[in-house]
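Structure file work_14.txt with compact mmCIF, C-alpha atoms:
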```
# COMPACT_ATOMS: atom_id res chain seq x y z
CA MET A 189 -1.06 -58.56 75.43
CA ASP A 190 0.53 -55.21 76.28
CA THR A 191 4.02 -55.77 74.88
CA MET A 192 5.43 -56.29 71.39
CA LEU A 193 8.67 -57.04 69.59
CA ALA A 194 10.57 -54.12 68.06
CA GLY A 195 13.95 -53.68 66.37
CA ARG A 196 15.60 -51.07 68.59
CA PHE A 197 18.78 -49.10 67.97
CA HIS A 198 20.49 -47.61 71.03
CA LEU A 199 22.12 -44.33 70.02
CA ASP A 200 24.53 -44.23 72.98
CA SER A 201 25.95 -47.76 72.70
CA LYS A 202 25.36 -48.12 68.91
CA LYS A 203 23.78 -51.52 69.55
CA PHE A 204 20.83 -52.99 67.66
CA ALA A 205 18.55 -55.71 69.04
CA VAL A 206 15.00 -56.99 68.68
CA GLU A 207 13.51 -56.36 72.10
CA GLU A 208 10.20 -56.67 73.92
CA VAL A 209 8.73 -53.22 74.59
CA PRO A 210 5.33 -51.82 75.60
CA ILE A 211 2.77 -51.35 72.83
CA PRO A 212 2.45 -47.56 72.43
CA ALA A 213 -0.87 -45.75 72.75
CA PRO A 214 -1.91 -43.18 70.12
CA GLY A 215 -2.22 -39.56 71.18
CA PRO A 216 -4.28 -36.76 69.62
CA GLY A 217 -4.21 -36.92 65.84
CA GLU A 218 -2.48 -40.31 65.89
CA VAL A 219 -3.40 -43.93 65.21
CA LEU A 220 -1.82 -47.25 66.13
CA ILE A 221 -0.91 -49.34 63.09
CA GLU A 222 -0.59 -53.11 63.17
CA VAL A 223 2.47 -53.64 60.98
CA LYS A 224 2.17 -56.20 58.19
CA ALA A 225 5.42 -55.53 56.32
CA ALA A 226 8.52 -53.36 56.72
CA GLY A 227 11.28 -52.86 54.18
CA VAL A 228 15.00 -53.03 54.97
CA CYS A 229 16.80 -50.07 53.41
CA LEU A 230 20.46 -49.17 53.10
CA SER A 231 19.72 -46.12 55.26
CA ASP A 232 18.76 -48.54 58.05
CA VAL A 233 22.12 -50.27 57.60
CA HIS A 234 23.94 -46.93 57.73
CA LEU A 235 22.09 -45.99 60.93
CA ILE A 236 23.12 -49.22 62.59
CA ASP A 237 26.74 -49.10 61.37
CA GLY A 238 27.07 -45.52 62.66
CA SER A 239 27.63 -43.74 59.35
CA LEU A 240 24.19 -42.09 59.49
CA ILE A 241 23.73 -39.82 62.50
CA PRO A 242 20.17 -38.77 63.47
CA LEU A 243 19.91 -34.98 63.53
CA PHE A 244 16.62 -34.67 65.40
CA ALA A 245 16.29 -37.89 67.40
CA THR A 246 13.42 -37.74 69.87
CA SER A 247 14.90 -40.30 72.30
CA ASP A 248 18.07 -42.26 73.06
CA THR A 249 16.61 -45.45 71.59
CA ILE A 250 14.83 -45.62 68.25
CA THR A 251 12.73 -48.32 66.63
CA VAL A 252 14.22 -48.65 63.15
CA GLY A 253 12.27 -48.77 59.88
CA HIS A 254 10.80 -46.18 57.52
CA GLU A 255 9.19 -48.42 54.87
CA VAL A 256 6.01 -49.66 56.53
CA SER A 257 2.54 -50.91 55.68
CA GLY A 258 -0.23 -52.36 57.81
CA VAL A 259 -3.77 -51.83 59.05
CA VAL A 260 -5.26 -49.24 61.37
CA HIS A 261 -5.63 -50.96 64.75
CA THR A 262 -6.50 -48.26 67.31
CA LEU A 263 -7.73 -44.70 66.81
CA GLY A 264 -6.43 -41.86 68.91
CA PRO A 265 -8.51 -38.81 69.91
CA ASP A 266 -9.15 -35.71 67.80
CA LEU A 267 -8.80 -37.34 64.39
CA LYS A 268 -9.91 -35.30 61.36
CA ARG A 269 -9.80 -37.74 58.45
CA GLY A 270 -12.54 -40.18 59.35
CA LEU A 271 -10.21 -43.17 59.56
CA THR A 272 -11.63 -46.51 60.63
CA THR A 273 -10.04 -49.58 62.16
CA GLY A 274 -9.02 -52.17 59.62
CA THR A 275 -8.10 -49.62 56.93
CA ARG A 276 -5.10 -50.83 54.90
CA VAL A 277 -2.38 -48.17 54.73
CA THR A 278 1.20 -47.42 53.91
CA LEU A 279 3.10 -44.81 55.91
CA GLU A 280 5.05 -41.86 54.57
CA ALA A 281 8.73 -42.23 55.41
CA GLY A 282 8.86 -39.00 57.39
CA LYS A 283 6.86 -36.15 58.83
CA THR A 284 7.22 -32.42 59.22
CA CYS A 285 8.11 -31.01 62.61
CA GLY A 286 4.96 -28.86 62.51
CA LYS A 287 6.70 -25.88 64.10
CA CYS A 288 7.00 -23.41 61.21
CA ALA A 289 5.12 -22.16 58.16
CA GLY A 290 7.21 -24.32 55.83
CA CYS A 291 6.27 -27.44 57.78
CA VAL A 292 2.62 -26.51 57.89
CA ARG A 293 2.68 -26.20 54.09
CA ARG A 294 4.50 -29.57 53.94
CA ARG A 295 7.50 -28.12 52.13
CA PRO A 296 11.05 -29.51 52.49
CA CYS A 297 12.50 -28.35 55.77
CA THR A 298 15.77 -28.65 57.65
CA GLN A 299 13.76 -30.24 60.45
CA MET A 300 11.95 -32.87 58.38
CA LEU A 301 11.86 -35.90 60.68
CA THR A 302 12.56 -39.37 59.29
CA ALA A 303 10.78 -42.44 60.64
CA GLY A 304 13.10 -45.04 62.13
CA ILE A 305 15.90 -42.48 62.44
CA ASP A 306 14.52 -39.44 64.28
CA TYR A 307 11.46 -41.12 65.78
CA ASP A 308 10.16 -44.67 66.18
CA GLY A 309 9.61 -46.50 62.92
CA GLY A 310 8.04 -49.75 61.86
CA TRP A 311 10.41 -52.63 62.56
CA ALA A 312 7.85 -53.66 65.14
CA GLU A 313 4.53 -55.39 65.59
CA TYR A 314 2.82 -52.03 66.06
CA VAL A 315 3.77 -48.44 65.27
CA ILE A 316 2.29 -45.02 66.04
CA ALA A 317 1.59 -42.81 63.01
CA ARG A 318 0.30 -39.28 62.68
CA GLU A 319 -2.92 -39.43 60.66
CA ASP A 320 -1.65 -37.08 57.94
CA THR A 321 1.20 -39.51 57.13
CA LEU A 322 -1.14 -42.39 56.21
CA ILE A 323 -1.86 -43.33 52.59
CA PRO A 324 -4.75 -45.79 52.12
CA ILE A 325 -3.94 -48.73 49.84
CA PRO A 326 -6.36 -50.93 47.89
CA ASP A 327 -6.97 -54.57 48.68
CA SER A 328 -5.25 -55.50 45.42
CA LEU A 329 -1.90 -54.07 46.55
CA PRO A 330 0.05 -56.57 48.72
CA PHE A 331 1.47 -55.24 51.97
CA ASP A 332 5.07 -56.06 51.05
CA GLN A 333 4.89 -54.04 47.83
CA ALA A 334 3.05 -51.19 49.54
CA ALA A 335 5.70 -51.02 52.28
CA ILE A 336 8.57 -50.21 49.92
CA ILE A 337 6.75 -47.45 48.02
CA PRO A 338 7.46 -44.61 50.50
CA ASP A 339 11.24 -44.77 49.97
CA ALA A 340 12.66 -47.39 47.60
CA VAL A 341 10.16 -46.39 44.91
CA SER A 342 9.08 -42.89 45.92
CA THR A 343 12.63 -41.53 46.18
CA PRO A 344 13.63 -42.31 42.57
CA TYR A 345 10.13 -41.44 41.34
CA ALA A 346 10.40 -37.95 42.80
CA ALA A 347 13.95 -37.67 41.46
CA VAL A 348 12.81 -38.56 37.94
CA VAL A 349 9.50 -36.69 37.86
CA THR A 350 10.07 -33.69 40.12
CA THR A 351 13.77 -32.94 40.60
CA ALA A 352 14.85 -33.82 37.05
CA GLY A 353 11.53 -33.48 35.24
CA VAL A 354 12.50 -36.12 32.68
CA ARG A 355 10.56 -35.87 29.43
CA PRO A 356 9.98 -38.55 26.79
CA ALA A 357 12.98 -39.28 24.54
CA GLN A 358 15.49 -37.68 26.91
CA SER A 359 18.54 -39.82 27.67
CA VAL A 360 19.08 -41.05 31.21
CA GLY A 361 21.95 -42.80 32.97
CA ILE A 362 21.51 -44.50 36.34
CA TRP A 363 24.56 -45.39 38.45
CA GLY A 364 23.99 -48.13 41.03
CA VAL A 365 21.18 -50.61 40.35
CA GLY A 366 20.38 -51.58 43.94
CA GLY A 367 17.20 -51.02 45.92
CA VAL A 368 16.75 -47.43 44.72
CA GLY A 369 18.54 -47.59 41.37
CA ALA A 370 16.57 -50.60 40.14
CA HIS A 371 13.38 -48.61 40.56
CA ASN A 372 15.00 -45.55 39.01
CA VAL A 373 15.50 -47.66 35.87
CA ARG A 374 11.86 -48.75 35.79
CA LEU A 375 10.51 -45.26 36.46
CA ALA A 376 12.73 -43.61 33.85
CA ARG A 377 11.35 -46.05 31.30
CA LEU A 378 7.81 -45.48 32.59
CA VAL A 379 8.01 -41.74 31.81
CA GLY A 380 9.45 -42.39 28.35
CA ALA A 381 13.18 -41.75 28.76
CA ALA A 382 15.25 -43.09 25.86
CA PRO A 383 17.76 -44.49 26.03
CA VAL A 384 17.88 -45.67 29.63
CA ILE A 385 21.46 -46.61 30.48
CA ALA A 386 22.18 -48.53 33.70
CA VAL A 387 25.71 -48.49 35.14
CA ASP A 388 26.87 -50.98 37.76
CA PRO A 389 30.08 -52.97 38.37
CA LEU A 390 28.13 -56.13 39.32
CA PRO A 391 27.15 -58.39 36.40
CA SER A 392 24.04 -59.54 38.29
CA ALA A 393 22.93 -55.94 38.78
CA ARG A 394 23.42 -55.20 35.09
CA GLU A 395 21.33 -58.25 34.18
CA ARG A 396 18.62 -57.06 36.56
CA ALA A 397 18.71 -53.60 35.00
CA LEU A 398 18.03 -55.05 31.57
CA ALA A 399 15.17 -57.12 32.97
CA PHE A 400 13.77 -53.94 34.56
CA GLY A 401 13.76 -52.08 31.26
CA ALA A 402 17.20 -50.56 30.71
CA ASP A 403 18.23 -50.27 27.06
CA TYR A 404 21.90 -50.66 27.95
CA ALA A 405 23.72 -51.96 31.03
CA LEU A 406 27.35 -50.84 31.22
CA ASP A 407 30.33 -51.66 33.42
CA PRO A 408 31.77 -48.38 34.79
CA SER A 409 35.29 -49.87 34.82
CA ASP A 410 35.28 -50.58 31.09
CA PRO A 411 38.07 -48.55 29.40
CA ASP A 412 35.64 -47.63 26.62
CA PHE A 413 32.85 -46.58 28.98
CA ALA A 414 32.60 -42.96 27.80
CA ASP A 415 32.62 -44.06 24.16
CA GLN A 416 29.81 -46.52 24.89
CA VAL A 417 27.66 -43.75 26.41
CA ARG A 418 28.33 -41.49 23.43
CA ALA A 419 27.43 -44.28 21.02
CA ALA A 420 24.20 -45.06 22.89
CA THR A 421 23.18 -41.37 22.79
CA ASP A 422 24.22 -40.72 19.17
CA GLY A 423 27.09 -38.59 20.39
CA ARG A 424 24.97 -36.19 22.44
CA GLY A 425 25.78 -37.41 25.94
CA LEU A 426 23.25 -37.79 28.72
CA ASP A 427 20.44 -35.37 29.49
CA PHE A 428 20.33 -36.69 33.07
CA ALA A 429 22.68 -38.79 35.16
CA PHE A 430 21.28 -40.19 38.41
CA ASP A 431 23.77 -41.13 41.12
CA CYS A 432 21.93 -43.74 43.17
CA ALA A 433 25.10 -45.00 44.81
CA GLY A 434 26.25 -41.95 46.76
CA VAL A 435 29.87 -42.53 45.73
CA PRO A 436 32.21 -39.62 44.83
CA ALA A 437 33.84 -41.54 41.97
CA VAL A 438 30.39 -42.18 40.49
CA ARG A 439 29.60 -38.48 40.52
CA GLU A 440 32.83 -37.64 38.72
CA GLN A 441 32.18 -40.23 36.03
CA ALA A 442 28.50 -39.35 35.64
CA ALA A 443 29.23 -35.63 35.26
CA SER A 444 31.85 -36.32 32.61
CA VAL A 445 29.34 -37.96 30.21
CA LEU A 446 26.60 -35.33 30.46
CA GLY A 447 25.67 -33.58 27.25
CA LEU A 448 24.75 -29.96 26.56
CA GLY A 449 22.61 -28.70 29.45
CA GLY A 450 22.77 -32.09 31.17
CA SER A 451 22.11 -32.47 34.89
CA LEU A 452 23.65 -34.70 37.53
CA ILE A 453 20.96 -35.70 40.06
CA LEU A 454 22.31 -36.68 43.48
CA VAL A 455 19.91 -39.37 44.72
CA GLY A 456 22.30 -41.46 46.82
CA ILE A 457 23.55 -39.73 49.94
CA THR A 458 27.04 -39.63 51.41
CA PRO A 459 28.78 -37.47 54.05
CA ARG A 460 31.82 -37.21 51.79
CA PRO A 461 32.46 -33.92 49.92
CA LEU A 462 31.05 -33.34 46.46
CA THR A 463 33.92 -32.73 44.04
CA ILE A 464 33.81 -32.33 40.28
CA THR A 465 37.23 -31.91 38.71
CA GLU A 466 35.98 -31.20 35.20
CA GLY A 467 37.00 -27.71 34.14
CA LEU A 468 35.97 -25.46 31.27
CA THR A 469 33.76 -28.01 29.52
CA PHE A 470 31.43 -28.12 32.53
CA ASN A 471 30.77 -24.40 32.01
CA TYR A 472 30.83 -24.54 28.22
CA LEU A 473 28.23 -27.32 28.10
CA GLN A 474 26.16 -25.58 30.81
CA LYS A 475 25.96 -28.66 33.00
CA GLN A 476 24.15 -28.67 36.34
CA VAL A 477 24.18 -30.52 39.66
CA ARG A 478 20.92 -30.95 41.57
CA GLY A 479 20.52 -32.36 45.04
CA HIS A 480 17.63 -34.70 45.79
CA TYR A 481 16.31 -36.18 49.01
CA GLY A 482 13.53 -38.71 49.51
CA GLY A 483 10.05 -38.70 48.07
CA THR A 484 7.03 -36.47 48.57
CA PRO A 485 3.53 -37.11 49.92
CA GLU A 486 2.25 -36.66 46.38
CA SER A 487 4.68 -39.21 44.97
CA VAL A 488 3.56 -41.91 47.42
CA SER A 489 -0.11 -41.37 46.56
CA GLU A 490 0.63 -41.32 42.84
CA LEU A 491 2.65 -44.53 43.04
CA VAL A 492 -0.12 -46.29 44.93
CA ARG A 493 -2.48 -45.33 42.10
CA LEU A 494 0.00 -46.43 39.43
CA THR A 495 0.52 -49.84 41.02
CA ALA A 496 -3.22 -50.29 41.57
CA ALA A 497 -3.79 -49.45 37.89
CA GLY A 498 -1.27 -52.05 36.79
CA ARG A 499 1.25 -49.54 35.40
CA LEU A 500 3.93 -50.66 37.85
CA ASP A 501 4.41 -54.22 39.14
CA LEU A 502 6.56 -54.22 42.26
CA ALA A 503 6.47 -57.97 42.86
CA PRO A 504 9.93 -58.48 41.25
CA SER A 505 11.38 -55.99 43.74
CA ILE A 506 10.70 -58.20 46.78
CA THR A 507 13.77 -60.41 47.19
CA ASP A 508 12.73 -62.19 50.38
CA HIS A 509 10.51 -62.12 53.46
CA ILE A 510 12.25 -62.37 56.84
CA PRO A 511 10.70 -62.71 60.32
CA LEU A 512 11.01 -59.56 62.43
CA ILE A 513 12.91 -61.51 65.09
CA ASP A 514 15.68 -62.04 62.50
CA ALA A 515 16.04 -58.34 61.61
CA ALA A 516 19.77 -58.38 62.38
CA ASP A 517 20.25 -61.13 59.81
CA ALA A 518 18.38 -59.03 57.24
CA VAL A 519 20.70 -56.10 57.93
CA SER A 520 23.73 -58.34 57.44
CA ARG A 521 22.36 -59.71 54.17
CA LEU A 522 21.81 -56.23 52.77
CA GLU A 523 25.09 -54.83 54.08
CA ASN A 524 27.07 -57.65 52.51
CA LYS A 525 24.87 -57.92 49.40
CA ILE A 526 24.21 -61.60 50.09
CA GLY A 527 21.99 -62.74 47.23
CA ASP A 528 22.20 -59.26 45.67
CA PRO A 529 18.86 -58.16 47.17
CA ILE A 530 16.63 -55.41 45.85
CA ARG A 531 14.39 -55.25 48.91
CA LEU A 532 14.21 -57.53 51.91
CA VAL A 533 10.95 -57.29 53.83
CA LEU A 534 10.49 -57.92 57.55
CA VAL A 535 7.26 -59.61 58.60
CA PRO A 536 6.14 -59.41 62.27
```
Using structure tokens, write down the structure from this file.
Amino acid sequence: MDTMLAGRFHLDSKKFAVEEVPIPAPGPGEVLIEVKAAGVCLSDVHLIDGSLIPLFATSDTITVGHEVSGVVHTLGPDLKRGLTTGTRVTLEAGKTCGKCAGCVRRRPCTQMLTAGIDYDGGWAEYVIAREDTLIPIPDSLPFDQAAIIPDAVSTPYAAVVTTAGVRPAQSVGIWGVGGVGAHNVRLARLVGAAPVIAVDPLPSARERALAFGADYALDPSDPDFADQVRAATDGRGLDFAFDCAGVPAVREQAASVLGLGGSLILVGITPRPLTITEGLTFNYLQKQVRGHYGGTPESVSELVRLTAAGRLDLAPSITDHIPLIDAADAVSRLENKIGDPIRLVLVP
């Protein structure tokens, strides 16, 4: 067999379809991965609906998917890591361009390429991966759980641990308890944040937040919302507010309930302008706003170790498994929040 199925997005026509394409061959420093599971992320939905525009696309048609796990199938030439066929791996959600010193040192870069957006991702039976983007996973870690680590779990993990640097007993608020926010709740609790306050307009999402370890789950439209946050934090306000929704109104509300020296962490992304209308009190209380984007190679490796050690059970995060051929249906389910999914997983 020299062809495979792949979920392809055509940048010119803005059309998505599962198509039959040639199986790619790995080049120097690359391997061919047989995909076992691929997560469906809201970023994938935004790519397909046209609200996310690839900045560094390498072709006119892209195989979607940046949450991928599988096994090493074919080795390319000039490998340096001693990889073997059959090795179970998850793939980092992006790769450096490799053209400048910052990329070589694997630092954030304006030309960081994202799988499934700038180059072919893993909504396919096979995917090419550069060897330095592969993270081995133990036999005890299921492929579906491993697949979602590089974004749905790694993004909030890096936001909590690196961007915010949350310490035990610091108060945390999380707006939007979807695929990223639900894990933000769990990870904030894992590092000892207290209290952990989840904020979502959907009753089902608030119930999920409590099941995932939130101390409080609040409705942002409640007239007494600010008073509820103050009561939960003994009048101090939040040390950190995580916007996992990428909604301007969320950012306004989250900033307003920060305490002295509190920080708003922008986890969710949106092309709309960032506006904070709060005046003198923002300065007086020395509040901050910090941007955040994605995870890090270190966060993926650390999360694999945490799940393998039993510190983090990702099984409750998998809402459903969907055949690759039905990828368009998975996109529709996530876009319309049918069944209020955390993560849908495509299976070739």
With all atoms listed in the file as the counted atoms, please give the residues lying no more than 12 Å from A:Arg424, apart from itself and same-chain residues fewer than 3 positions off, as a PyMOL selection string. chain A and resi 358-360+383+414-421+427-428+445-450+473
From the set A:Val277, A:Ala443, A:Val233, A:Met300, which residue has the shortest atom-to-atom contact distance to A:Pro330, counting all atoms listed in the file?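 The answer is A:Val277, which sits nearest to A:Pro330.
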For A:Val438, find every residue with an atom within 10 Å (counting only C-alpha atoms), except residues of its own chain fewer than 6 positions away, and show them as an MDAnalysis selection string. chainID A and resid 363:364 387:388 408 429:432 444
Quick one: axis-aligned box around all listed atoms of stretch 509-524 of chain A, 3 Å on every side, centre and edge lengths in Å to one decimal, written as lines of an AutoDock Vina configuration file.
```
center_x = 18.8
center_y = -58.8
center_z = 58.8
size_x = 22.6
size_y = 13.9
size_z = 18.6
```
Quick one: everything within 8 Å of A:Glu208, counting only C-alpha atoms, minus sequence neighbours fewer than 5 positions away in the same chain. Send it as a list in words.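 Here the answer would be Thr191, Met192, Leu193 and Ala194 of chain A.
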Skip A:Thr273 itself and residues of its chain fewer than 4 positions away, then list as a list in words all residues within 8 Å of it, counting all atoms listed in the file.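 Those residues are Val259, Val260, His261, Thr262 and Leu263 of chain A.
Distance check against A:Ser257 using all atoms listed in the file: of A:Pro461, A:Arg374, A:Val492, A:Arg499, the minimum falls on A:Val492.
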Looking at A:Glu523, A:Asp339, A:Asp410, A:Asp517, which one is nearest to A:Asp237, with distances taken over only C-alpha atoms?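 Ranking A:Glu523, A:Asp339, A:Asp410, A:Asp517 by distance to A:Asp237, first place goes to A:Glu523.
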Pairwise distance, atom CA of A:Pro265 with atom CA of A:Pro485, equals 23.4 Å
Can you work out the spacing between atom CA of A:Ala386 and atom CA of A:Ala370 in Å, to one decimal?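 Atom CA of A:Ala370 lies at a distance of 8.8 Å from atom CA of A:Ala386.
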Shortest contact to A:Thr249, candidates A:Leu267, A:Ile305, A:Ala340, A:Ile362, atoms counted all atoms listed in the file, goes to A:Ile305
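Between atom CA of A:Ala503 and atom CA of A:His254 the interatomic distance comes to 19.3 Å.
The residue set within 12 Å of A:Ser201, counting only C-alpha atoms and dropping same-chain residues fewer than 4 places from it, reads Arg196, Phe197, Ala205, Ile236, Asp237, Gly238, Asp248 and Thr249 of chain A.
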Missing atoms in stretch 301-312 of chain A: can you complete it with N, CA, C and O atoms, as a compact mmCIF listing (two decimals), in the coordinates of the input?
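What follows is the written file rebuild-v2.txt:
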```
# COMPACT_ATOMS: atom_id res chain seq x y z
N LEU A 301 11.52 -34.76 59.85
CA LEU A 301 11.86 -35.90 60.68
C LEU A 301 11.66 -37.19 59.90
O LEU A 301 10.65 -37.36 59.20
N THR A 302 12.62 -38.10 60.01
CA THR A 302 12.56 -39.37 59.29
C THR A 302 12.20 -40.50 60.23
O THR A 302 12.82 -40.67 61.29
N ALA A 303 11.20 -41.29 59.84
CA ALA A 303 10.78 -42.44 60.64
C ALA A 303 11.93 -43.43 60.76
O ALA A 303 12.69 -43.65 59.81
N GLY A 304 12.06 -44.04 61.93
CA GLY A 304 13.10 -45.04 62.13
C GLY A 304 14.49 -44.47 62.30
O GLY A 304 15.44 -45.23 62.51
N ILE A 305 14.61 -43.15 62.22
CA ILE A 305 15.90 -42.48 62.44
C ILE A 305 15.75 -41.40 63.50
O ILE A 305 16.48 -41.37 64.48
N ASP A 306 14.76 -40.50 63.30
CA ASP A 306 14.52 -39.44 64.28
C ASP A 306 13.43 -39.80 65.28
O ASP A 306 13.41 -39.27 66.39
N TYR A 307 12.52 -40.67 64.87
CA TYR A 307 11.46 -41.12 65.78
C TYR A 307 11.14 -42.58 65.46
O TYR A 307 11.59 -43.10 64.43
N ASP A 308 10.38 -43.23 66.32
CA ASP A 308 10.16 -44.67 66.18
C ASP A 308 9.50 -45.03 64.86
O ASP A 308 8.47 -44.46 64.47
N GLY A 309 10.12 -46.02 64.19
CA GLY A 309 9.61 -46.50 62.92
C GLY A 309 8.93 -47.84 63.05
O GLY A 309 8.43 -48.22 64.12
N GLY A 310 8.92 -48.60 61.95
CA GLY A 310 8.04 -49.75 61.86
C GLY A 310 8.65 -51.13 61.88
O GLY A 310 7.98 -52.09 61.50
N TRP A 311 9.90 -51.28 62.34
CA TRP A 311 10.41 -52.63 62.56
C TRP A 311 9.84 -53.11 63.89
O TRP A 311 10.54 -53.26 64.88
N ALA A 312 8.56 -53.34 63.90
CA ALA A 312 7.85 -53.66 65.14
C ALA A 312 6.52 -54.30 64.79
O ALA A 312 6.09 -54.31 63.63
```
